[in-house]
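Printed here is query.txt (compact mmCIF, C-alpha atoms):
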```txt
# COMPACT_ATOMS: atom_id res chain seq x y z
CA MET Q 1 6.30 -3.97 13.93
CA GLU Q 2 8.25 -1.52 11.80
CA ALA Q 3 11.46 -0.08 13.16
CA PRO Q 4 11.33 3.67 13.77
CA SER Q 5 12.80 5.73 10.96
CA SER Q 6 14.67 8.98 11.17
CA PRO Q 7 12.69 12.19 10.68
CA HIS Q 8 14.34 12.35 7.25
CA GLU Q 9 12.83 9.06 6.03
CA VAL Q 10 9.37 7.90 5.11
CA THR Q 11 8.04 4.41 4.50
CA LEU Q 12 6.07 4.24 1.27
CA VAL Q 13 3.33 1.67 0.91
CA ILE Q 14 3.14 0.84 -2.79
CA ARG Q 15 -0.27 -0.44 -3.86
CA SER Q 16 -0.70 -1.88 -7.31
CA PRO Q 17 -3.87 -3.35 -8.80
CA SER Q 18 -1.72 -5.19 -11.35
CA THR Q 19 -0.04 -7.55 -8.87
CA ALA Q 20 -1.49 -11.05 -8.81
CA ASP Q 21 -1.61 -11.45 -5.03
CA ASP Q 22 -2.71 -7.84 -4.32
CA VAL Q 23 -0.10 -7.45 -1.55
CA ASP Q 24 1.24 -4.02 -0.62
CA PHE Q 25 4.98 -3.44 -1.01
CA ARG Q 26 6.83 -1.28 1.54
CA LEU Q 27 9.88 0.79 0.75
CA ARG Q 28 11.72 3.13 3.14
CA VAL Q 29 13.15 6.17 1.34
CA PRO Q 30 15.25 9.16 2.40
CA LEU Q 31 13.17 12.29 1.78
CA ALA Q 32 15.99 14.76 1.15
CA THR Q 33 17.70 12.85 -1.67
CA SER Q 34 14.92 10.87 -3.36
CA THR Q 35 13.23 11.78 -6.61
CA ILE Q 36 10.33 9.93 -8.16
CA GLY Q 37 12.74 8.69 -10.84
CA SER Q 38 15.07 7.21 -8.19
CA LEU Q 39 12.06 5.66 -6.44
CA LYS Q 40 11.02 4.00 -9.71
CA ALA Q 41 14.56 2.63 -10.14
CA ARG Q 42 14.45 1.15 -6.61
CA LEU Q 43 11.04 -0.38 -7.31
CA ALA Q 44 12.41 -1.97 -10.48
CA ALA Q 45 15.28 -3.47 -8.48
CA GLU Q 46 13.50 -4.44 -5.25
CA HIS Q 47 9.85 -5.19 -6.09
CA PRO Q 48 9.20 -8.92 -6.74
CA ASP Q 49 7.72 -8.16 -10.20
CA HIS Q 50 10.67 -5.86 -11.19
CA PRO Q 51 8.53 -3.39 -13.19
CA PRO Q 52 10.62 -1.31 -15.62
CA PRO Q 53 10.72 2.39 -14.58
CA SER Q 54 9.40 3.45 -17.99
CA GLU Q 55 6.23 1.43 -17.41
CA GLN Q 56 5.57 2.64 -13.84
CA ARG Q 57 2.94 5.29 -13.08
CA LEU Q 58 3.04 6.50 -9.48
CA ILE Q 59 0.11 8.40 -8.00
CA PHE Q 60 0.02 10.19 -4.65
CA ALA Q 61 -2.91 12.26 -3.33
CA GLY Q 62 -4.63 11.95 -6.72
CA GLN Q 63 -1.66 13.33 -8.67
CA LEU Q 64 0.47 11.54 -11.26
CA LEU Q 65 4.06 11.99 -10.05
CA ARG Q 66 6.74 13.29 -12.44
CA ASP Q 67 10.14 11.58 -12.48
CA ASP Q 68 12.02 14.81 -11.69
CA ALA Q 69 9.84 15.66 -8.67
CA LYS Q 70 11.52 15.48 -5.26
CA ALA Q 71 9.99 13.22 -2.63
CA ILE Q 72 10.46 15.82 0.11
CA ASP Q 73 8.34 18.36 -1.79
CA LEU Q 74 5.55 15.88 -2.53
CA LEU Q 75 5.41 14.12 0.83
CA ARG Q 76 5.72 17.13 3.15
CA GLN Q 77 2.17 16.61 4.34
CA VAL Q 78 3.01 13.21 5.85
CA SER Q 79 3.33 13.87 9.56
CA PRO Q 80 3.06 11.33 12.38
CA ARG Q 81 1.32 13.80 14.67
CA SER Q 82 -1.25 14.83 12.08
CA ARG Q 83 -2.11 11.16 11.63
CA GLY Q 84 -2.47 10.54 15.37
CA GLN Q 85 0.75 8.53 15.66
CA PRO Q 86 3.30 8.90 18.43
CA ALA Q 87 6.26 11.13 17.51
CA GLY Q 88 8.80 8.27 17.47
CA ARG Q 89 6.91 6.12 14.97
CA ALA Q 90 7.89 5.77 11.31
CA ARG Q 91 6.07 8.03 8.89
CA THR Q 92 4.12 6.25 6.16
CA ALA Q 93 2.60 7.38 2.87
CA SER Q 94 0.58 5.32 0.39
CA VAL Q 95 1.43 5.49 -3.29
CA CYS Q 96 -0.49 3.75 -6.08
CA ALA Q 97 1.51 2.18 -8.88
CA PHE Q 98 0.11 1.30 -12.27
```

structure tokens encoding of this file:
Amino acid sequence: MEAPSSPHEVTLVIRSPSTADDVDFRLRVPLATSTIGSLKARLAAEHPDHPPPSEQRLIFAGQLLRDDAKAIDLLRQVSPRSRGQPAGRARTASVCAF
């Protein structure tokens, strides 16, 4: 079970059809300070395939995410209560990576 995060963090579930084993990758990010560019840099460092940021395409809610976009602005709609989760549970958002 995932440890609860602060209300200023979200756990991203990165789904990529290009990975051989088709396993989701989870990454906890601070909303206030993260940009899509910084998220791509973390993925390059922490994901087992180490995809270069210049080759990553991140999609959330059907939109291609720009590197200068702030995570807090894009992921505002992620709310534990709106998803039927208890208030103390970590917030999660799914992002597709190509």

**OP:** Excluding Q:Asp24 and any residue of its chain fewer than 4 positions from it, enumerate the residues within 8 Å of it, using only C-alpha atoms, and give them as a ChimeraX atom specification.
**Re:** /Q:13-16

Subject >> Residues within 10 Å of Q:Asp68, only C-alpha atoms, excluding chain neighbours under 5 positions, as a list of chain:residue names >> reply: Q:Ser34, Q:Thr35, Q:Ile36, Q:Gly37, Q:Ser38

**OP:** List every protein, DNA or RNA residue that has at least one atom no more than 9 Å from (6.3, -0.4, -15.0) in the file's coordinates, counting only C-alpha atoms, and write the result as a PyMOL selection string.
**Re:** chain Q and resi 40+44+50-57+97-98

The selected residues should be written to file as a PDB file, in the frame of the given file (atoms: C-alpha atoms).
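out.pdb, written as the output of this step:
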```
ATOM      1  CA  LYS Q  40      11.020   4.000  -9.710  1.00  0.00           C
ATOM      2  CA  ALA Q  44      12.410  -1.970 -10.480  1.00  0.00           C
ATOM      3  CA  HIS Q  50      10.670  -5.860 -11.190  1.00  0.00           C
ATOM      4  CA  PRO Q  51       8.530  -3.390 -13.190  1.00  0.00           C
ATOM      5  CA  PRO Q  52      10.620  -1.310 -15.620  1.00  0.00           C
ATOM      6  CA  PRO Q  53      10.720   2.390 -14.580  1.00  0.00           C
ATOM      7  CA  SER Q  54       9.400   3.450 -17.990  1.00  0.00           C
ATOM      8  CA  GLU Q  55       6.230   1.430 -17.410  1.00  0.00           C
ATOM      9  CA  GLN Q  56       5.570   2.640 -13.840  1.00  0.00           C
ATOM     10  CA  ARG Q  57       2.940   5.290 -13.080  1.00  0.00           C
ATOM     11  CA  ALA Q  97       1.510   2.180  -8.880  1.00  0.00           C
ATOM     12  CA  PHE Q  98       0.110   1.300 -12.270  1.00  0.00           C
TER      13      PHE Q  98
END
```

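Using all atoms listed in the file, the nearest neighbour of Q:Lys70 within the list Q:Ala45, Q:Val10, Q:Leu58, Q:Leu39 is Q:Leu39.
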
Original post:
Expressed in Å to a single decimal, how great is the separation between atom CA of Q:Leu31 and atom CA of Q:Ile72?
Top reply: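 Between atom CA of Q:Leu31 and atom CA of Q:Ile72 the gap works out to 4.8 Å.
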
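For the pair atom CA of Q:Ala71 and atom CA of Q:Leu43, the interatomic distance is 14.4 Å.
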
Subject >> Atomic distance atom CA of Q:Ala69 - atom CA of Q:Ser18, expressed in Å with one decimal >> reply: 24.0 Å

**OP:** Go through Q:Ala41, Q:Ala32, Q:Leu27, Q:Leu75 and flag the residue nearest Q:Ala61, using only C-alpha atoms for the distances.
**Re:** Q:Leu75

Original post:
Which one of Q:Pro30, Q:Leu64, Q:His8, Q:Phe25 sits closest to Q:Asp49 if you count all atoms listed in the file?
Top reply: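 Closest to Q:Asp49, using all atoms listed in the file: Q:Phe25.
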